[in-house]
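J.: First the structure, which I've put down as structure tokens, then a few questions once you've had a look.
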Amino acid sequence: MKNKLYIIKIGGALIDDEELLNEFLEQFSDIKERKILVHGGGKLATTLADKLGVEQKIVNGRRITDKDTLDIVAMVYAGGINKNIVAKLQQKKCKAIGFSGADANLIKAKKREHAEIDFGFVGDIEKKSVNKKLISKLIKLHLVPVFSAITHDKKGNLFNTNADTIASVIAQALSSKYDVELLYCFDKEGVLEDVGNPESVIKNISEEEFSVLKNEGKLHKGILPKLENALGAVKNNVNKVFLIKETELKNHIENHHAGTEICL
């Protein structure tokens, strides 16, 4: 039987709230099984860009990453946010170690190619992009990897890469070695049928149901990348995938009642 591994992704709303982040990391630290944390942090990068007078361009909900913006996101994601999380986890006796994809060549990316839009220093990744052998060695040393949303191309270039995708692809790569459960933690109780009603959680979503909900315009645009990456994980042998509220992590680990489960 494969060993259990939790891969947990958190985003900017949680990272922006120091009290909530601290409570979440307490729950994360208490997980006895093997675990990996993946974080984004878009709001802090945008705030710093505004302070520095670096204009931010968003196309179809995705950030155009020019050189100045890359410097900012690398500084914020792989620097400030990552090390802050690692320090808080050390305080909670969790042996965390922070990474970008460039560190030890853990995640190698390719520059995003698009027929009409130049996204700049944005990198796309797939399952083979992940150095699963080395990550497994880190886990065997009882270390807890904490990944920022920065990757590289092994040619000296850093890339801004979607954190939801990083979590999904790491989960896919490690599913051959571990019984992987991927958790997307965000500020809703799960995928909601009515975004204004926290009790309208859809308990299970399949690929077919996702297509129907998307075509009917019932899904908020912010949830689409999470669901697309969650489905990608399920289709690539990740054992379980859930979208849950950040404050429900402990409850979910203990009872498996929280949020929305993604299935084939």
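Chain identifiers are assigned as A, B, and so on, following the order in which chains appear in the structure tokens; residues are numbered from 1 within each chain, and ligands are numbered from 1 in order of appearance.
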Can you pull out the residues contacting stretch 18-31 of chain A? Cut-off 8 Å, using only C-alpha atoms, and skip same-chain residues under 5 positions away; I want them as a list in words.

T.: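 So the residues in contact are Lys88, Leu89, Lys92, Lys93, Cys94, Glu246, Thr247, Leu249, Lys250 and Ile253 of chain A.
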
J.: Just the alpha helix (DSSP H) stuff from stretch 29-219 of chain A, please, per backbone DSSP, written as a PyMOL selection string.

T.: chain A and resi 29+42-52+67-73+82-91+132-140+163-174+207-215

J.: Do a neighbour search on stretch 50-58 of chain A at 10 Å with only C-alpha atoms, toss out local chain neighbours closer than 6 positions, and write the hits as a list in words.

T.: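 Once the nearby chain positions are removed, what remains is Leu44, Ile64, Thr65, Asp66, Asp68, Thr69, Ile72 and Phe119 of chain A.
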
J.: Give me, as JSON, numbers by chain, all polymer residues having an atom no more than 10 Å from A:Phe210, counting only C-alpha atoms and skipping those fewer than 5 positions away in the same chain.

T.: {"A": [204, 205, 215, 216, 218, 219, 224, 227, 228, 231, 262]}

J.: Restricting it to C-alpha atoms, dump the selection as an mmCIF file, in the first residue's frame.

T.:
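Okay, again08.cif is ready:
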data_model
loop_
_atom_site.group_PDB
_atom_site.id
_atom_site.type_symbol
_atom_site.label_atom_id
_atom_site.label_comp_id
_atom_site.auth_asym_id
_atom_site.auth_seq_id
_atom_site.Cartn_x
_atom_site.Cartn_y
_atom_site.Cartn_z
ATOM 1 C CA ASN A 204 -19.365 16.166 -6.119
ATOM 2 C CA ILE A 205 -18.418 17.466 -9.574
ATOM 3 C CA ASN A 215 -21.622 26.341 -20.291
ATOM 4 C CA GLU A 216 -24.567 27.562 -18.229
ATOM 5 C CA LYS A 218 -22.970 29.097 -13.196
ATOM 6 C CA LEU A 219 -19.300 29.081 -12.203
ATOM 7 C CA LEU A 224 -12.479 27.896 -13.220
ATOM 8 C CA LEU A 227 -11.578 23.188 -11.282
ATOM 9 C CA GLU A 228 -9.653 22.708 -14.535
ATOM 10 C CA LEU A 231 -9.934 17.671 -13.096
ATOM 11 C CA ILE A 262 -13.790 16.297 -7.913
#

J.: Return the single residue from A:Ile150, A:Leu141, A:Val38, A:Ala233 that is closest to A:Ala171, with distances computed using only C-alpha atoms.

T.: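 For A:Ala171, the nearest of the given residues is A:Ala233.
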
J.: Please identify the strand (DSSP E or B) residues within stretch 162-192 of chain A (assignment by DSSP from backbone atoms) and present them as JSON, numbers by chain.

T.: {"A": [178, 179, 180, 181, 182, 183, 184, 185, 186, 192]}

J.: With only C-alpha atoms as the basis for distance, which of A:Lys83, A:Lys32, A:His220, A:Lys127 is at the shortest distance from A:Gln172?

T.: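 For A:Gln172, the nearest of the given residues is A:Lys127.
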
J.: Which is closest to A:Arg62 among A:Val122, A:Leu134, A:Ile97, A:Ala74, if we use only C-alpha atoms?

T.: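 The answer is A:Val122, which sits nearest to A:Arg62.
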
J.: From the list A:Ile10, A:His152, A:Ser206, A:Asn160, which residue is nearest A:Ile244 when using only C-alpha atoms?

T.: A:Ile10

J.: Using only C-alpha atoms, which of the listed residues (A:Thr165, A:Ser176, A:Asn157, A:Gln90) sits closest to A:Ile125?

T.: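 That would be A:Thr165, the residue with the smallest distance to A:Ile125.
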
J.: I'd like the neighbourhood of A:Asp187 as a PyMOL selection string, where a residue qualifies if any of its atoms comes within 8 Å (using only C-alpha atoms), though same-chain residues fewer than 2 positions away should be ignored.

T.: chain A and resi 13-14+185+189+245-246

J.: Name the residues in contact with A:Ala96 at a cut-off of 6 Å, using only C-alpha atoms, excluding same-chain residues fewer than 2 positions from it; report them as a list of chain:residue names.

T.: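 Counting only C-alpha atoms, the residues come to A:Val86, A:Cys94, A:Leu143, A:Val144, A:Pro145.
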
J.: Could you work out how far atom CA of A:Ser100 lies from atom CA of A:Ala78, giving the answer in Å with one decimal?

T.: 5.8 Å
